[in-house]
>>> print(open('structure.cif').read())   # mmCIF, C-alpha atoms
data_query
loop_
_atom_site.label_atom_id
_atom_site.label_comp_id
_atom_site.auth_asym_id
_atom_site.auth_seq_id
_atom_site.Cartn_x
_atom_site.Cartn_y
_atom_site.Cartn_z
CA MET V 1 0.00 0.00 0.00
CA THR V 2 1.43 3.35 -0.96
CA PRO V 3 0.57 6.47 1.01
CA ALA V 4 -0.38 8.27 -2.20
CA SER V 5 -3.21 5.80 -2.84
CA VAL V 6 -4.92 6.61 0.44
CA PRO V 7 -6.49 10.04 0.79
CA PRO V 8 -6.15 11.49 4.34
CA LEU V 9 -9.84 11.27 5.11
CA ALA V 10 -9.99 7.59 4.22
CA ALA V 11 -7.02 7.11 6.52
CA VAL V 12 -9.01 8.44 9.46
CA SER V 13 -11.83 6.01 9.04
CA ASP V 14 -9.32 3.30 8.23
CA LEU V 15 -7.07 3.72 11.24
CA VAL V 16 -9.21 4.94 14.09
CA GLY V 17 -10.89 2.27 16.15
CA GLY V 18 -10.27 -0.49 13.63
CA PRO V 19 -7.92 -3.46 13.39
CA ARG V 20 -5.51 -1.43 11.25
CA LEU V 21 -4.80 0.67 14.32
CA TRP V 22 -3.54 -2.50 16.00
CA VAL V 23 -1.31 -3.18 13.02
CA LEU V 24 0.00 0.37 13.33
CA ILE V 25 0.69 -0.07 17.04
CA VAL V 26 2.59 -3.31 16.44
CA VAL V 27 4.61 -1.90 13.53
CA ILE V 28 5.66 1.16 15.56
CA GLY V 29 6.48 -1.16 18.46
CA VAL V 30 8.64 -3.43 16.31
CA CYS V 31 10.48 -0.47 14.77
CA THR V 32 11.08 1.08 18.19
CA PHE V 33 12.38 -2.21 19.56
CA ALA V 34 14.68 -2.63 16.55
CA LEU V 35 16.21 0.80 17.22
CA ARG V 36 16.72 0.00 20.90
CA PHE V 37 18.11 -3.46 20.26
CA SER V 38 20.26 -2.46 17.25
CA PHE V 39 23.73 -2.03 18.70
CA ILE V 40 23.10 -4.20 21.73
CA TYR V 41 22.37 -7.04 19.31
CA LEU V 42 25.07 -6.19 16.79
CA PHE V 43 27.86 -5.66 19.31
CA GLY V 44 31.03 -7.28 18.03
CA ARG V 45 30.02 -6.76 14.42
CA ILE V 46 29.47 -3.01 14.54
CA ASP V 47 30.78 -1.48 17.75
CA GLU V 48 30.17 2.20 17.30
CA VAL V 49 27.94 4.75 15.75
CA PRO V 50 30.12 6.61 13.23
CA PRO V 51 31.16 9.98 14.78
CA ARG V 52 29.45 12.01 12.07
CA VAL V 53 26.17 10.19 12.64
CA ARG V 54 26.55 10.55 16.40
CA ARG V 55 27.01 14.29 16.07
CA ALA V 56 23.95 14.57 13.85
CA LEU V 57 21.78 12.41 16.14
CA ARG V 58 22.31 14.94 18.92
CA PHE V 59 20.07 17.31 16.97
CA VAL V 60 17.18 14.86 16.60
CA PRO V 61 15.48 15.71 19.91
CA PRO V 62 15.51 19.53 19.54
CA ALA V 63 14.44 19.30 15.89
CA VAL V 64 11.68 16.73 16.43
CA PHE V 65 10.20 18.33 19.53
CA ALA V 66 10.19 21.78 17.89
CA ALA V 67 8.59 20.35 14.74
CA LEU V 68 5.84 18.81 16.89
CA ALA V 69 5.30 21.75 19.25
CA VAL V 70 5.44 24.83 17.01
CA PRO V 71 2.59 24.05 14.55
CA ALA V 72 0.38 23.08 17.49
CA VAL V 73 0.66 26.47 19.17
CA VAL V 74 1.34 28.93 16.34
CA SER V 75 -1.45 29.70 13.91
CA LEU V 76 -0.59 31.42 10.64
CA ASP V 77 -4.23 32.10 9.77
CA GLY V 78 -5.09 35.73 10.29
CA SER V 79 -2.97 38.71 11.28
CA ALA V 80 0.26 38.76 13.24
CA ALA V 81 -1.66 40.28 16.15
CA ALA V 82 -4.15 37.42 16.05
CA THR V 83 -1.28 34.92 16.10
CA LEU V 84 0.41 36.59 19.07
CA THR V 85 -2.75 36.90 21.13
CA ASP V 86 -4.03 33.39 20.42
CA ASP V 87 -4.72 31.70 23.76
CA ARG V 88 -2.74 28.61 22.80
CA PHE V 89 0.25 30.70 21.80
CA LEU V 90 0.16 32.73 25.02
CA ALA V 91 -0.22 29.66 27.21
CA ALA V 92 2.55 27.84 25.33
CA SER V 93 4.90 30.82 25.69
CA LEU V 94 4.34 30.88 29.41
CA ALA V 95 4.82 27.11 29.56
CA ALA V 96 8.13 27.46 27.70
CA VAL V 97 9.35 29.91 30.35
CA VAL V 98 8.24 27.49 33.08
CA ALA V 99 10.01 24.61 31.31
CA TRP V 100 13.16 26.70 31.06
CA ARG V 101 13.12 27.78 34.72
CA THR V 102 11.98 24.50 36.30
CA GLU V 103 12.85 21.78 33.74
CA SER V 104 9.78 20.03 35.15
CA ILE V 105 7.23 18.33 32.87
CA PHE V 106 4.75 18.40 35.75
CA ALA V 107 5.04 22.17 36.27
CA THR V 108 5.03 22.83 32.52
CA ILE V 109 1.80 20.91 31.91
CA GLY V 110 0.13 22.24 35.05
CA ILE V 111 0.88 25.91 34.52
CA GLY V 112 0.36 25.64 30.75
CA MET V 113 -3.14 24.19 31.20
CA LEU V 114 -4.04 26.73 33.88
CA ALA V 115 -2.84 29.51 31.58
CA LEU V 116 -4.93 28.16 28.69
CA TRP V 117 -8.07 28.02 30.82
CA THR V 118 -7.36 31.50 32.19
CA PHE V 119 -6.92 33.03 28.73
CA ARG V 120 -9.83 31.07 27.26
CA PHE V 121 -12.47 31.39 29.95
CA LEU V 122 -11.52 34.39 32.07
CA VAL V 123 -9.76 36.95 29.90
CA MET G 1 16.35 -5.71 56.10
CA ARG G 2 17.97 -7.35 53.13
CA ARG G 3 14.67 -7.25 51.26
CA PHE G 4 14.68 -3.46 51.02
CA SER G 5 18.23 -2.99 49.89
CA GLY G 6 20.43 -4.14 47.08
CA PRO G 7 20.99 -2.96 43.53
CA PHE G 8 17.40 -3.43 42.29
CA VAL G 9 16.03 -1.31 45.13
CA ASP G 10 18.80 1.24 44.53
CA GLY G 11 17.60 1.50 40.96
CA VAL G 12 13.97 1.91 41.96
CA ARG G 13 14.85 4.53 44.54
CA ILE G 14 16.93 6.69 42.22
CA SER G 15 14.13 6.54 39.61
CA LEU G 16 11.31 7.69 41.85
CA PRO G 17 11.81 11.49 41.67
CA VAL G 18 11.66 11.38 37.87
CA LEU G 19 8.16 9.91 38.02
CA LEU G 20 6.85 13.37 38.93
CA GLY G 21 7.37 14.28 35.29
CA LEU G 22 6.57 10.88 33.83
CA VAL G 23 3.15 10.39 35.42
CA PRO G 24 1.47 13.48 33.91
CA PHE G 25 3.18 12.65 30.59
CA GLY G 26 1.69 9.13 30.71
CA MET G 27 -1.71 10.49 31.62
CA VAL G 28 -1.55 12.77 28.60
CA ALA G 29 -0.76 9.69 26.47
CA GLY G 30 -3.91 8.02 27.78
CA ILE G 31 -6.19 11.05 27.60
CA THR G 32 -5.18 12.09 24.07
CA ALA G 33 -5.24 8.53 22.69
CA VAL G 34 -8.87 8.14 23.71
CA ASP G 35 -9.50 11.63 22.36
CA ALA G 36 -8.01 10.68 18.99
CA GLY G 37 -10.26 7.64 18.66
CA PHE G 38 -8.21 4.82 20.19
CA SER G 39 -10.28 2.34 22.15
CA PRO G 40 -9.17 2.04 25.81
CA VAL G 41 -7.52 -1.31 25.03
CA GLN G 42 -5.71 0.18 22.02
CA ALA G 43 -4.55 3.13 24.12
CA MET G 44 -3.07 0.70 26.66
CA GLY G 45 -1.72 -1.46 23.83
CA LEU G 46 0.18 1.52 22.48
CA SER G 47 1.85 2.13 25.84
CA VAL G 48 2.71 -1.54 26.37
CA VAL G 49 3.86 -2.37 22.84
CA VAL G 50 5.69 0.86 21.98
CA PHE G 51 6.64 2.20 25.43
CA ALA G 52 8.17 5.42 24.08
CA GLY G 53 6.38 8.55 25.22
CA ALA G 54 7.28 11.15 22.61
CA ALA G 55 6.73 8.75 19.70
CA GLN G 56 3.40 7.65 21.18
CA LEU G 57 2.19 11.22 21.51
CA ALA G 58 3.25 12.06 17.96
CA ALA G 59 1.50 8.94 16.67
CA ILE G 60 -1.67 9.81 18.60
CA ASP G 61 -1.53 13.35 17.25
CA LEU G 62 -1.12 12.16 13.65
CA VAL G 63 -3.78 9.46 13.86
CA GLY G 64 -6.17 12.09 15.23
CA GLU G 65 -5.37 14.33 12.27
CA GLY G 66 -5.98 11.54 9.80
CA ALA G 67 -2.40 10.97 8.67
CA THR G 68 -1.63 7.85 6.68
CA PHE G 69 -0.18 4.67 8.10
CA ALA G 70 3.29 5.12 6.58
CA VAL G 71 3.64 8.71 7.77
CA VAL G 72 2.74 7.81 11.36
CA VAL G 73 5.32 5.01 11.38
CA LEU G 74 7.97 7.20 9.75
CA THR G 75 7.44 10.01 12.26
CA ALA G 76 7.64 7.60 15.19
CA VAL G 77 10.88 6.14 13.84
CA VAL G 78 12.43 9.59 13.40
CA ILE G 79 11.54 10.45 16.99
CA ASN G 80 12.93 7.19 18.33
CA VAL G 81 16.11 7.16 16.31
CA ARG G 82 17.95 8.61 19.31
CA HIS G 83 17.66 5.18 20.95
CA ILE G 84 20.38 4.00 18.57
CA MET G 85 22.83 6.12 20.55
CA TYR G 86 21.71 4.60 23.84
CA SER G 87 21.91 1.13 22.36
CA ALA G 88 25.44 1.71 21.12
CA SER G 89 26.51 3.20 24.42
CA LEU G 90 25.17 0.32 26.53
CA ALA G 91 26.15 -2.47 24.13
CA PRO G 92 29.67 -3.09 25.48
CA TYR G 93 28.36 -3.43 29.04
CA LEU G 94 25.64 -5.91 28.05
CA ARG G 95 27.67 -8.00 25.62
CA ASP G 96 28.12 -11.06 27.85
CA LEU G 97 24.43 -11.43 28.74
CA PRO G 98 22.15 -14.03 27.14
CA LEU G 99 20.30 -12.82 24.06
CA ARG G 100 16.85 -12.97 25.64
CA ARG G 101 18.01 -10.91 28.60
CA LYS G 102 19.52 -8.37 26.23
CA ALA G 103 16.26 -8.22 24.25
CA LEU G 104 14.22 -7.60 27.40
CA MET G 105 16.63 -4.88 28.50
CA ALA G 106 16.40 -3.30 25.02
CA TYR G 107 12.59 -3.28 25.19
CA LEU G 108 12.81 -1.40 28.51
CA LEU G 109 15.45 1.05 27.27
CA THR G 110 14.29 4.63 27.75
CA ASP G 111 16.03 7.98 28.13
CA GLN G 112 15.71 7.57 31.87
CA ALA G 113 16.88 3.95 32.11
CA TYR G 114 19.82 4.80 29.88
CA ALA G 115 20.89 7.85 31.85
CA PHE G 116 20.82 6.11 35.24
CA SER G 117 22.35 2.81 34.17
CA VAL G 118 25.21 4.20 32.10
CA ASP G 119 26.01 6.60 34.93
CA ARG G 120 26.31 3.70 37.36
CA TYR G 121 28.31 1.50 34.99
CA ALA G 122 30.74 4.32 34.24
CA ASP G 123 30.94 4.97 37.98
CA THR G 124 31.81 1.34 38.72
CA GLU G 125 34.31 1.42 35.90
CA ALA G 126 35.99 4.51 37.35
CA GLN G 127 36.23 2.90 40.79
CA ARG G 128 37.80 -0.16 39.30
CA ARG G 129 40.48 1.98 37.75
CA GLY G 130 40.95 3.91 40.97
CA ALA G 131 39.23 6.93 39.45
CA THR G 132 42.54 8.04 38.00
CA GLY G 133 41.64 7.20 34.42
CA ASP G 134 41.51 9.64 31.59
CA ASP G 135 37.77 9.38 31.09
CA PRO G 136 36.27 12.57 32.55
CA ASP G 137 32.70 11.23 32.48
CA ALA G 138 33.59 8.12 34.40
CA ALA G 139 35.68 10.01 36.94
CA ASP G 140 32.92 12.53 37.42
CA ALA G 141 30.31 9.84 37.93
CA ALA G 142 32.50 8.12 40.51
CA GLU G 143 31.86 10.90 43.00
CA SER G 144 28.14 10.44 43.00
CA ASP G 145 27.24 7.19 44.71
CA ALA G 146 29.00 5.55 47.62
CA ALA G 147 26.50 2.68 47.64
CA ASP G 148 28.14 1.34 44.51
CA ALA G 149 30.99 -0.17 46.48
CA ALA G 150 29.02 -3.41 46.67
CA GLU G 151 28.97 -3.68 42.91
CA GLY G 152 32.61 -4.70 42.71
CA ASP G 153 32.02 -8.26 43.95
CA ALA G 154 29.36 -9.24 41.49
CA THR G 155 30.80 -7.69 38.38
CA GLY G 156 34.38 -8.60 39.18
CA ALA G 157 33.85 -11.97 37.53
CA GLY G 158 33.62 -10.27 34.19
CA GLU G 159 37.00 -8.65 34.56
CA GLY G 160 38.99 -11.58 33.24
CA GLY G 161 37.48 -11.11 29.82
CA THR G 162 38.89 -7.65 29.31
CA VAL G 163 42.44 -8.12 30.53
CA GLY G 164 44.79 -6.56 28.06
CA ASP G 165 42.16 -4.13 26.81
CA ALA G 166 42.19 -1.34 29.34
CA SER G 167 40.02 1.01 27.32
CA ALA G 168 37.05 -1.32 26.82
CA PRO G 169 34.24 -1.07 29.36
CA THR G 170 33.92 -4.09 31.65
CA PRO G 171 30.73 -5.98 30.80
CA ILE G 172 28.15 -6.63 33.47
CA VAL G 173 27.41 -10.28 34.20
CA ARG G 174 24.38 -12.50 34.32
CA GLY G 175 22.72 -12.39 37.71
CA GLY G 176 25.04 -9.57 38.76
CA ASP G 177 24.30 -6.28 40.44
CA GLY G 178 24.54 -4.40 37.15
CA VAL G 179 21.59 -6.34 35.73
CA ALA G 180 19.48 -5.97 38.88
CA TYR G 181 20.19 -2.24 38.96
CA TYR G 182 19.17 -1.94 35.32
CA PHE G 183 15.82 -3.57 36.00
CA GLY G 184 15.36 -1.23 38.95
CA VAL G 185 15.85 1.88 36.83
CA ALA G 186 14.02 0.46 33.78
CA LEU G 187 10.99 -1.27 35.32
CA THR G 188 10.11 1.65 37.58
CA PRO G 189 9.26 3.98 34.68
CA TRP G 190 7.60 1.07 32.85
CA VAL G 191 5.17 0.40 35.69
CA ALA G 192 4.53 4.11 36.22
CA TRP G 193 3.97 4.61 32.49
CA GLN G 194 1.37 1.84 32.23
CA LEU G 195 -0.49 2.93 35.36
CA SER G 196 -0.53 6.59 34.35
CA THR G 197 -1.69 5.72 30.82
CA ALA G 198 -4.54 3.72 32.36
CA ALA G 199 -5.41 6.66 34.62
CA GLY G 200 -5.37 8.93 31.58
CA VAL G 201 -7.69 6.61 29.65
CA VAL G 202 -10.21 6.68 32.50
CA LEU G 203 -9.86 10.45 32.90
CA GLY G 204 -10.00 11.10 29.16
CA ARG G 205 -13.39 9.42 28.93
CA GLY G 206 -14.81 11.55 31.72
CA VAL G 207 -13.55 15.03 30.87
CA PRO G 208 -15.51 17.17 28.39
CA GLU G 209 -13.82 18.24 25.14
CA SER G 210 -14.16 21.95 26.00
CA TRP G 211 -11.47 21.66 28.68
CA GLY G 212 -8.97 21.36 25.86
CA LEU G 213 -6.95 18.61 27.57
CA SER G 214 -5.36 17.81 24.21
CA PHE G 215 -3.40 21.02 24.67
CA ALA G 216 -1.30 19.02 27.13
CA LEU G 217 0.25 17.38 24.06
CA PRO G 218 2.18 20.43 22.80
CA LEU G 219 2.94 21.28 26.44
CA VAL G 220 4.74 17.96 26.83
CA PHE G 221 6.68 18.61 23.63
CA ILE G 222 7.67 22.05 24.98
CA ALA G 223 8.78 20.49 28.26
CA LEU G 224 10.91 17.99 26.33
CA LEU G 225 12.22 20.60 23.88
CA VAL G 226 13.47 23.29 26.24
CA PRO G 227 16.15 21.22 28.04
CA THR G 228 17.61 20.12 24.69
CA LEU G 229 18.45 23.73 23.75
CA VAL G 230 21.91 23.51 25.26
CA ASP G 231 23.89 25.46 22.67
CA ARG G 232 23.52 27.51 19.50
CA PRO G 233 23.51 24.66 16.98
CA ALA G 234 20.76 22.95 19.01
CA VAL G 235 18.71 26.16 19.11
CA LEU G 236 19.20 26.56 15.36
CA ALA G 237 18.06 22.96 14.77
CA ALA G 238 14.90 23.69 16.78
CA VAL G 239 14.17 27.05 15.13
CA VAL G 240 14.65 25.68 11.62
CA ALA G 241 12.59 22.56 12.33
CA GLY G 242 9.81 24.60 13.95
CA GLY G 243 9.77 27.02 11.05
CA VAL G 244 9.70 24.30 8.41
CA ALA G 245 6.97 22.42 10.28
CA LEU G 246 4.89 25.59 10.42
CA ALA G 247 5.43 26.45 6.77
CA GLY G 248 5.01 22.81 5.78
CA GLY G 249 1.53 22.49 7.21
CA ALA G 250 0.18 22.25 3.69
CA ILE G 251 2.47 19.38 2.70
CA PRO G 252 0.28 16.32 2.09
CA PHE G 253 0.05 13.35 4.43
CA ASN G 254 1.50 15.28 7.38
CA LEU G 255 4.97 14.68 6.00
CA GLY G 256 5.82 18.21 7.12
CA ILE G 257 6.95 17.03 10.57
CA VAL G 258 9.36 14.46 9.20
CA LEU G 259 10.71 16.92 6.64
CA ALA G 260 11.06 19.59 9.34
CA ALA G 261 12.94 17.23 11.65
CA VAL G 262 15.36 16.19 8.91
CA VAL G 263 16.01 19.78 7.80
CA GLY G 264 16.45 20.85 11.43
CA VAL G 265 18.98 18.09 12.12
CA VAL G 266 20.93 18.99 8.97
CA ALA G 267 20.90 22.68 9.96
CA GLY G 268 22.16 21.92 13.47
CA ALA G 269 24.88 19.57 12.27
CA ALA G 270 25.97 22.01 9.57
CA ALA G 271 26.12 24.87 12.05
CA GLU G 272 28.27 22.82 14.38
CA GLU G 273 30.54 21.84 11.52
CA VAL G 274 30.98 25.44 10.38
CA PHE G 275 31.10 27.32 13.67
CA GLY G 276 32.49 24.60 15.89
#
>>> encode(input="structure.cif", output="structure tokens")
Amino acid sequence: MTPASVPPLAAVSDLVGGPRLWVLIVVIGVCTFALRFSFIYLFGRIDEVPPRVRRALRFVPPAVFAALAVPAVVSLDGSAAATLTDDRFLAASLAAVVAWRTESIFATIGIGMLALWTFRFLV
Amino acid sequence: MRRFSGPFVDGVRISLPVLLGLVPFGMVAGITAVDAGFSPVQAMGLSVVVFAGAAQLAAIDLVGEGATFAVVVLTAVVINVRHIMYSASLAPYLRDLPLRRKALMAYLLTDQAYAFSVDRYADTEAQRRGATGDDPDAADAAESDAADAAEGDATGAGEGGTVGDASAPTPIVRGGDGVAYYFGVALTPWVAWQLSTAAGVVLGRGVPESWGLSFALPLVFIALLVPTLVDRPAVLAAVVAGGVALAGGAIPFNLGIVLAAVVGVVAGAAAEEVFG
């Protein structure tokens, strides 16, 4: 099955709640396990990640987490003012400051959610 | 009380404070999975089978948005590719263990399990060399934990294998303290992750949509992102990836995230290459 043959909307009805979602879960699980087992299994045949690859892998977490977070909290529809005063953007900005000061997932989620509710329901 | 001491308990104990961050993260995984249309059993299945928080949340997010099968898998793989580094780093310590034990340890390998176990193994290594070695990480780690003195007995048996190769890490042995400690630091987050996912599934079914609990998803990503911004190349990788992901919202099949991650990694690596 090629991705191009499945329109996004069909994918929703296909994946959600059905047996294909189980297949998805298992495939992601197998891939994840393969990555974790890779060098532990291969030790003796390949001992080390090549230095260039190792240096590049260091940038995977910042790149991936930014790619996931930014589109979820920044909306490009509408004016710049609308973007900057969006409740999700404001709450996320505050949460980023909390994450920076505390490095605590707990505090980041807690204060971020409180901020969202404050901006959404009170302001 | 022998029952409440030993390397396994040491591992559990050192892991406990981290659960303060892991439990809400796991609850978000449960809440948002149900939100995205996973059945409760599927939501739990995801946590048990995959057991990788960031990849799970990204998969949930993409399934909810109607991404295709291949894109969800690809995104999860990109997020989890960092585990290759952990695997490579632990491999020399685990090399003498039976294959099944190694496979189980690999399944349980998380950022947290890696960080605590490699710290302890490097620590033990430094003690063995009298902490005078040239490895700054190992020497640094040696200061941290006096309780590790007991480790010497159990892992000493492995020493014979590395005579003549002073630079290679000493492998931990079957039934030794190093293995027990690993299961302490690896099973603790596993149990907490499953229980908090289950709590999230229950909670997710009871909380109305208008509360916007799915907003916890980007909040978790922010909490994971910020500590990785340790230097300029890392910040550049994040800024470029975030920008590409934002601009790439129109790219079909949600491939924008994968593209953004790849471009961000290249930007970070290039910046480091050029500016040092």
>>> resolve_selection(input="structure.cif", expression="the PyMOL selection byres ((chain G and resi 172-185) around 7)", output="mmCIF file with C-alpha atoms, in the frame of the given file")
data_model
loop_
_atom_site.group_PDB
_atom_site.id
_atom_site.type_symbol
_atom_site.label_atom_id
_atom_site.label_comp_id
_atom_site.auth_asym_id
_atom_site.auth_seq_id
_atom_site.Cartn_x
_atom_site.Cartn_y
_atom_site.Cartn_z
ATOM 1 C CA PRO G 7 20.990 -2.960 43.530
ATOM 2 C CA PHE G 8 17.400 -3.430 42.290
ATOM 3 C CA VAL G 9 16.030 -1.310 45.130
ATOM 4 C CA ASP G 10 18.800 1.240 44.530
ATOM 5 C CA GLY G 11 17.600 1.500 40.960
ATOM 6 C CA VAL G 12 13.970 1.910 41.960
ATOM 7 C CA SER G 15 14.130 6.540 39.610
ATOM 8 C CA TYR G 93 28.360 -3.430 29.040
ATOM 9 C CA LEU G 94 25.640 -5.910 28.050
ATOM 10 C CA ASP G 96 28.120 -11.060 27.850
ATOM 11 C CA LEU G 97 24.430 -11.430 28.740
ATOM 12 C CA ALA G 113 16.880 3.950 32.110
ATOM 13 C CA PHE G 116 20.820 6.110 35.240
ATOM 14 C CA SER G 117 22.350 2.810 34.170
ATOM 15 C CA GLU G 151 28.970 -3.680 42.910
ATOM 16 C CA ALA G 154 29.360 -9.240 41.490
ATOM 17 C CA THR G 155 30.800 -7.690 38.380
ATOM 18 C CA GLY G 158 33.620 -10.270 34.190
ATOM 19 C CA THR G 170 33.920 -4.090 31.650
ATOM 20 C CA PRO G 171 30.730 -5.980 30.800
ATOM 21 C CA ALA G 186 14.020 0.460 33.780
ATOM 22 C CA LEU G 187 10.990 -1.270 35.320
ATOM 23 C CA THR G 188 10.110 1.650 37.580
#
>>> interface_residues(input="structure.cif", of="chain V", to="chain G", cutoff="7 Å", atoms="only C-alpha atoms", output="NGL selection string")
:V and (3 or 8-9 or 11-12 or 16-17 or 22 or 24-26 or 28-29 or 31-33 or 35-40 or 43 or 48-49 or 55-57 or 59-72 or 92 or 95-96 or 99-100 or 103-106 or 108-109 or 112-113)
>>> closest_residue(input="structure.cif", among="V:Leu21, V:Ala34, V:Ser79, V:Ala91", to="V:Trp117", atoms="only C-alpha atoms")
V:Ala91
>>> residues_around(input="structure.cif", residues="G:Ala199", least_positions_apart="2", cutoff="12 Å", atoms="all atoms listed in the file", output="ChimeraX atom specification")
/G:23-32,34,40,43-44,192-197,201-206
>>> atom_distance(input="structure.cif", atom1="atom CA of V:Val98", atom2="atom CA of G:Trp190")
26.4 Å
>>> closest_residue(input="structure.cif", among="G:Asp35, G:Leu255, G:Ala115, G:Pro189", to="G:Val207", atoms="only C-alpha atoms")
G:Asp35
>>> atom_distance(input="structure.cif", atom1="atom CA of V:Arg88", atom2="atom CA of V:Val73")
5.4 Å
>>> atom_distance(input="structure.cif", atom1="atom CA of G:Ala33", atom2="atom CA of G:Ile60")
5.6 Å
>>> closest_residue(input="structure.cif", among="G:Arg100, G:Ile14, G:Arg232, G:Ser5", to="G:Arg120", atoms="all atoms listed in the file")
G:Ile14
>>> axis_aligned_box(input="structure.cif", around="stretch 103-116 of chain V", padding_each_side="5 Å", output="AutoDock Vina command-line options")
--center_x 4.0 --center_y 23.9 --center_z 32.5 --size_x 27.8 --size_y 21.2 --size_z 17.6
>>> build_atoms(input="structure.cif", residues="stretch 61-67 of chain G", atoms="all heavy atoms", output="compact mmCIF listing (two decimals), in the frame of the given file")
# COMPACT_ATOMS: atom_id res chain seq x y z
N ASP G 61 -1.25 12.07 17.90
CA ASP G 61 -1.53 13.35 17.25
C ASP G 61 -1.84 13.13 15.77
O ASP G 61 -2.83 13.63 15.24
CB ASP G 61 -0.28 14.24 17.41
CG ASP G 61 -0.57 15.70 17.16
OD1 ASP G 61 -1.75 16.08 17.25
OD2 ASP G 61 0.38 16.44 16.87
N LEU G 62 -0.98 12.36 15.10
CA LEU G 62 -1.12 12.16 13.65
C LEU G 62 -2.34 11.31 13.31
O LEU G 62 -3.04 11.57 12.33
CB LEU G 62 0.15 11.53 13.08
CG LEU G 62 1.36 12.48 13.01
CD1 LEU G 62 2.62 11.72 12.64
CD2 LEU G 62 1.10 13.58 12.01
N VAL G 63 -2.59 10.29 14.11
CA VAL G 63 -3.78 9.46 13.86
C VAL G 63 -5.03 10.33 14.00
O VAL G 63 -5.95 10.26 13.17
CB VAL G 63 -3.84 8.27 14.84
CG1 VAL G 63 -5.21 7.59 14.79
CG2 VAL G 63 -2.75 7.25 14.50
N GLY G 64 -5.03 11.20 15.02
CA GLY G 64 -6.17 12.09 15.23
C GLY G 64 -6.38 13.04 14.05
O GLY G 64 -7.49 13.44 13.76
N GLU G 65 -5.27 13.41 13.41
CA GLU G 65 -5.37 14.33 12.27
C GLU G 65 -5.65 13.61 10.96
O GLU G 65 -5.77 14.25 9.91
CB GLU G 65 -4.06 15.12 12.13
CG GLU G 65 -3.92 16.23 13.14
CD GLU G 65 -2.60 16.96 12.96
OE1 GLU G 65 -2.05 16.95 11.85
OE2 GLU G 65 -2.13 17.54 13.95
N GLY G 66 -5.68 12.29 11.01
CA GLY G 66 -5.98 11.54 9.80
C GLY G 66 -4.79 11.29 8.90
O GLY G 66 -4.93 11.12 7.69
N ALA G 67 -3.58 11.26 9.47
CA ALA G 67 -2.40 10.97 8.67
C ALA G 67 -2.43 9.51 8.20
O ALA G 67 -3.13 8.68 8.77
CB ALA G 67 -1.13 11.21 9.48
